[in-house]
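Working notes for the structure below.
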Amino acid sequence: MPIVKTNGINLAYDSLGDESSEAILLIAGLGTQMIRWTISFCQRLADRGYRVIRFDNRDAGCSTHFADRQILDFGALAA
């Protein structure tokens with residue numbers, strides 16, 4: 001699985017379709033793995049001529065996990 005390394009974080013991703021085609025980046029939301037976007041859905045987009053890219057958010061799937069860090073209080077952040 002390809003990995004992008006930036007700012008000390010590894011993000012795992014994959015892509016379908018022609019690399020020279022217009023890209024669609026699928027972002028599944030906080031802490032979600034790329035498998036949230038099913039292969040069949042991604043393939044349908046690729047069949048329409050797009051390059052489809054999906055990724056594991058940090059702390060999910062094959063991307064960097066921060067188990068040594070305090071968990072954020074998302075209720076407090078939203079307020």
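Letters A, B, ... go to the chains of the structure tokens in the order shown; residues in each chain start at 1; ligands are counted from 1 in the same order.
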
Check your understanding: So which residues of chain A fall under strand (DSSP E) by DSSP, listed as number ranges by chain?
Key -> A: 3-6, 9-16, 23-26, 51-55

Tell me, counting only C-alpha atoms, for each residue of segment 43-64 of chain A within 9 Å of segment 16-29 of chain A, which pair of atoms is nearest and how far apart they are in Å to one decimal, in rows ordered by chain and increasing number, as JSON lines.
{"residue": "A:Gln43", "atom": "CA", "partner": "A:Leu16", "partner_atom": "CA", "distance": 6.9}
{"residue": "A:Leu45", "atom": "CA", "partner": "A:Gly17", "partner_atom": "CA", "distance": 8.4}
{"residue": "A:Ala46", "atom": "CA", "partner": "A:Gly17", "partner_atom": "CA", "distance": 4.8}
{"residue": "A:Asp47", "atom": "CA", "partner": "A:Gly17", "partner_atom": "CA", "distance": 7.4}
{"residue": "A:Gly49", "atom": "CA", "partner": "A:Ser21", "partner_atom": "CA", "distance": 6.6}
{"residue": "A:Tyr50", "atom": "CA", "partner": "A:Glu22", "partner_atom": "CA", "distance": 5.4}
{"residue": "A:Arg51", "atom": "CA", "partner": "A:Gly17", "partner_atom": "CA", "distance": 4.4}
{"residue": "A:Val52", "atom": "CA", "partner": "A:Ile24", "partner_atom": "CA", "distance": 5.0}
{"residue": "A:Ile53", "atom": "CA", "partner": "A:Leu25", "partner_atom": "CA", "distance": 4.9}
{"residue": "A:Arg54", "atom": "CA", "partner": "A:Leu26", "partner_atom": "CA", "distance": 5.0}
{"residue": "A:Phe55", "atom": "CA", "partner": "A:Ile27", "partner_atom": "CA", "distance": 7.3}
{"residue": "A:Asp56", "atom": "CA", "partner": "A:Ala28", "partner_atom": "CA", "distance": 8.5}
{"residue": "A:Asn57", "atom": "CA", "partner": "A:Gly29", "partner_atom": "CA", "distance": 7.7}

Dump of N, CA and C atoms for the selected residues, as a JSON list (two decimals), in the first residue's frame:
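What landed in out11.json:
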[["chain", "number", "residue", "atom", "x", "y", "z"],
["A", 43, "GLN", "N", -14.63, 2.04, -8.06],
["A", 43, "GLN", "CA", -14.49, 1.52, -9.42],
["A", 43, "GLN", "C", -15.50, 2.16, -10.37],
["A", 45, "LEU", "N", -16.63, 5.18, -10.19],
["A", 45, "LEU", "CA", -16.09, 6.51, -10.51],
["A", 45, "LEU", "C", -14.94, 6.40, -11.50],
["A", 46, "ALA", "N", -14.06, 5.43, -11.28],
["A", 46, "ALA", "CA", -12.93, 5.23, -12.19],
["A", 46, "ALA", "C", -13.42, 4.85, -13.59],
["A", 47, "ASP", "N", -14.47, 4.05, -13.66],
["A", 47, "ASP", "CA", -15.05, 3.65, -14.95],
["A", 47, "ASP", "C", -15.62, 4.85, -15.71],
["A", 49, "GLY", "N", -14.04, 7.62, -15.86],
["A", 49, "GLY", "CA", -12.90, 8.38, -16.36],
["A", 49, "GLY", "C", -12.13, 9.18, -15.32],
["A", 50, "TYR", "N", -12.40, 8.96, -14.04],
["A", 50, "TYR", "CA", -11.70, 9.69, -12.98],
["A", 50, "TYR", "C", -10.59, 8.84, -12.37],
["A", 51, "ARG", "N", -9.60, 9.53, -11.82],
["A", 51, "ARG", "CA", -8.64, 8.88, -10.92],
["A", 51, "ARG", "C", -9.20, 9.06, -9.52],
["A", 52, "VAL", "N", -9.43, 7.99, -8.82],
["A", 52, "VAL", "CA", -10.07, 8.03, -7.50],
["A", 52, "VAL", "C", -9.01, 7.73, -6.44],
["A", 53, "ILE", "N", -8.89, 8.62, -5.46],
["A", 53, "ILE", "CA", -7.91, 8.47, -4.38],
["A", 53, "ILE", "C", -8.66, 8.44, -3.06],
["A", 54, "ARG", "N", -8.36, 7.44, -2.25],
["A", 54, "ARG", "CA", -8.93, 7.35, -0.91],
["A", 54, "ARG", "C", -7.78, 7.10, 0.06],
["A", 55, "PHE", "N", -7.96, 7.46, 1.33],
["A", 55, "PHE", "CA", -6.87, 7.34, 2.28],
["A", 55, "PHE", "C", -7.37, 7.02, 3.68],
["A", 56, "ASP", "N", -6.47, 6.48, 4.49],
["A", 56, "ASP", "CA", -6.75, 6.26, 5.91],
["A", 56, "ASP", "C", -6.39, 7.54, 6.66],
["A", 57, "ASN", "N", -7.33, 8.11, 7.40],
["A", 57, "ASN", "CA", -7.01, 9.25, 8.24],
["A", 57, "ASN", "C", -5.97, 8.84, 9.27]]

Exercise for review: Give the alpha helix (DSSP H) residues of chain A, as DSSP finds them on the backbone, and put them as a ChimeraX atom specification.
Suggested key: /A:39-47,74-78

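Atom CA of Leu30 of chain A sits 15.6 Å away from atom CA of Asn10 of chain A.
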
So that each row is one residue of segment 7-52 of chain A with an atom at most 7 Å from segment 63-68 of chain A, can you give its shortest atom pair and the distance in Å to one decimal, using only C-alpha atoms, rows by chain and rising number, as CSV?
residue,atom,partner,partner_atom,distance
A:Ile9,CA,A:Thr64,CA,5.8
A:Asn10,CA,A:Thr64,CA,5.2
A:Leu11,CA,A:Ser63,CA,4.5
A:Ala12,CA,A:Ser63,CA,5.1

Next, dump the selected residues to file, keeping only N, CA, C and O atoms, as a tab-separated table (two decimals), in the first residue's frame.
chain	number	residue	atom	x	y	z
A	9	ILE	N	4.08	12.33	9.79
A	9	ILE	CA	2.89	11.48	9.75
A	9	ILE	C	2.88	10.69	8.46
A	9	ILE	O	3.16	11.22	7.39
A	10	ASN	N	2.56	9.40	8.56
A	10	ASN	CA	2.38	8.55	7.38
A	10	ASN	C	0.89	8.40	7.10
A	10	ASN	O	0.14	8.03	8.00
A	11	LEU	N	0.49	8.69	5.87
A	11	LEU	CA	-0.90	8.48	5.46
A	11	LEU	C	-0.93	7.41	4.37
A	11	LEU	O	-0.32	7.57	3.31
A	12	ALA	N	-1.65	6.33	4.66
A	12	ALA	CA	-1.80	5.25	3.69
A	12	ALA	C	-2.93	5.61	2.72
A	12	ALA	O	-3.94	6.19	3.12
